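Taking it in order: structure first as structure tokens, then the write-up.
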Amino acid sequence: MLIKINVNVIHTEDFNFKKIDKEEILILVISTYSEGLSPEENIYLYKFLMLKQAPKMNGIYFIIFRLGDMNFLIKPKRI
């Protein structure tokens with residue numbers, strides 16, 4: 001079976017977080033630098049998603065790939 005999927009590659013800095021609930025599938029690839037620190041843009045996304053008034057992500061399939069050194073592994077948090 002062949003499935004056609006429209007894909008957009010967007011830098012976190014350019015992504016409209018307020019419309020995140022319009023996505024069907026969301027794949028985040030997040031890098032770390034130095035001693036496992038997240039880029040500032042990704043911290044903004046995390047803080048936004050933790051707000052009570054953030055859009056609900058019900059029905060969205062999502063996965064987060066975090067690239068970095070295993071020495072800085074952080075336990076995943078449920079959103």
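Residue numbering restarts at 1 for every chain of the structure tokens, chains are lettered A, B, ... in their displayed order, and ligands are numbered from 1 as they appear.
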
*Using backbone DSSP assignments, extract all helix (DSSP H, G or I) residues from chain A; output them as a ChimeraX atom specification.*
/A:12-14,17-22,40-49,70-72

Write the residues of the selection above to a file with N, CA, C and O atoms, as a CSV table (one decimal), in the first residue's frame.
```
chain,number,residue,atom,x,y,z
A,12,THR,N,12.6,25.0,14.4
A,12,THR,CA,11.8,25.4,15.6
A,12,THR,C,11.5,26.9,15.7
A,12,THR,O,10.4,27.3,16.1
A,13,GLU,N,12.5,27.6,15.3
A,13,GLU,CA,12.3,29.1,15.4
A,13,GLU,C,11.2,29.6,14.5
A,13,GLU,O,10.6,30.7,14.8
A,14,ASP,N,10.9,28.9,13.4
A,14,ASP,CA,9.9,29.4,12.4
A,14,ASP,C,8.6,28.7,12.6
A,14,ASP,O,7.6,29.0,11.9
A,17,PHE,N,3.9,27.6,17.0
A,17,PHE,CA,3.4,26.8,18.1
A,17,PHE,C,1.9,26.8,18.4
A,17,PHE,O,1.3,25.8,18.7
A,18,LYS,N,1.3,28.0,18.1
A,18,LYS,CA,-0.1,28.1,18.4
A,18,LYS,C,-1.0,27.3,17.5
A,18,LYS,O,-2.1,27.0,17.9
A,19,LYS,N,-0.4,26.8,16.4
A,19,LYS,CA,-1.2,26.0,15.5
A,19,LYS,C,-0.8,24.5,15.5
A,19,LYS,O,-1.1,23.7,14.6
A,20,ILE,N,-0.1,24.1,16.6
A,20,ILE,CA,0.4,22.8,16.7
A,20,ILE,C,-0.7,21.7,16.7
A,20,ILE,O,-0.5,20.6,16.2
A,21,ASP,N,-1.9,22.1,17.2
A,21,ASP,CA,-3.0,21.2,17.2
A,21,ASP,C,-3.6,20.9,15.8
A,21,ASP,O,-4.4,20.0,15.6
A,22,LYS,N,-3.1,21.6,14.8
A,22,LYS,CA,-3.5,21.4,13.4
A,22,LYS,C,-2.7,20.3,12.7
A,22,LYS,O,-3.1,19.8,11.6
A,40,GLU,N,17.9,27.2,22.6
A,40,GLU,CA,17.0,28.1,23.2
A,40,GLU,C,15.6,27.9,22.6
A,40,GLU,O,14.6,27.9,23.3
A,41,GLU,N,15.5,27.8,21.3
A,41,GLU,CA,14.2,27.7,20.6
A,41,GLU,C,13.4,26.5,21.1
A,41,GLU,O,12.2,26.5,21.3
A,42,ASN,N,14.1,25.4,21.4
A,42,ASN,CA,13.4,24.2,21.9
A,42,ASN,C,12.9,24.3,23.3
A,42,ASN,O,11.9,23.8,23.7
A,43,ILE,N,13.6,25.1,24.1
A,43,ILE,CA,13.2,25.4,25.5
A,43,ILE,C,11.9,26.2,25.4
A,43,ILE,O,10.9,26.0,26.2
A,44,TYR,N,11.8,27.2,24.5
A,44,TYR,CA,10.5,27.9,24.3
A,44,TYR,C,9.4,27.0,23.9
A,44,TYR,O,8.3,27.2,24.4
A,45,LEU,N,9.6,26.0,23.0
A,45,LEU,CA,8.6,25.1,22.6
A,45,LEU,C,8.1,24.3,23.9
A,45,LEU,O,6.9,24.2,24.1
A,46,TYR,N,9.0,23.8,24.6
A,46,TYR,CA,8.7,23.0,25.8
A,46,TYR,C,7.9,23.8,26.8
A,46,TYR,O,6.8,23.4,27.3
A,47,LYS,N,8.3,25.0,27.1
A,47,LYS,CA,7.6,25.9,28.0
A,47,LYS,C,6.2,26.2,27.5
A,47,LYS,O,5.2,26.3,28.3
A,48,PHE,N,6.1,26.4,26.2
A,48,PHE,CA,4.8,26.7,25.6
A,48,PHE,C,3.8,25.5,25.7
A,48,PHE,O,2.7,25.7,26.1
A,49,LEU,N,4.3,24.3,25.5
A,49,LEU,CA,3.5,23.1,25.6
A,49,LEU,C,3.1,22.8,27.0
A,49,LEU,O,2.0,22.2,27.2
A,70,MET,N,24.9,10.2,25.2
A,70,MET,CA,24.1,9.4,26.2
A,70,MET,C,24.4,9.7,27.6
A,70,MET,O,23.7,9.4,28.5
A,71,ASN,N,25.5,10.4,27.9
A,71,ASN,CA,25.9,10.8,29.3
A,71,ASN,C,24.9,11.8,29.8
A,71,ASN,O,24.8,12.0,31.0
A,72,PHE,N,24.1,12.4,28.9
A,72,PHE,CA,23.2,13.5,29.3
A,72,PHE,C,21.7,13.1,29.1
A,72,PHE,O,20.9,13.9,28.9
```

*Name all residues at most 12 Å from A:Asn6 (count only C-alpha atoms; drop same-chain ones fewer than 5 positions away) and give them as a count of residues only.*
4

*Could you write out, as an MDAnalysis selection string, all the residues of chain A that DSSP marks as strand (DSSP E or B)?*
chainID A and resid 25:31 33 37 61:67

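Atom CA of A:Leu28 sits 8.1 Å away from atom CA of A:Arg66.
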
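Between atom CA of A:Phe15 and atom CA of A:Leu51 there is a distance of 17.1 Å.
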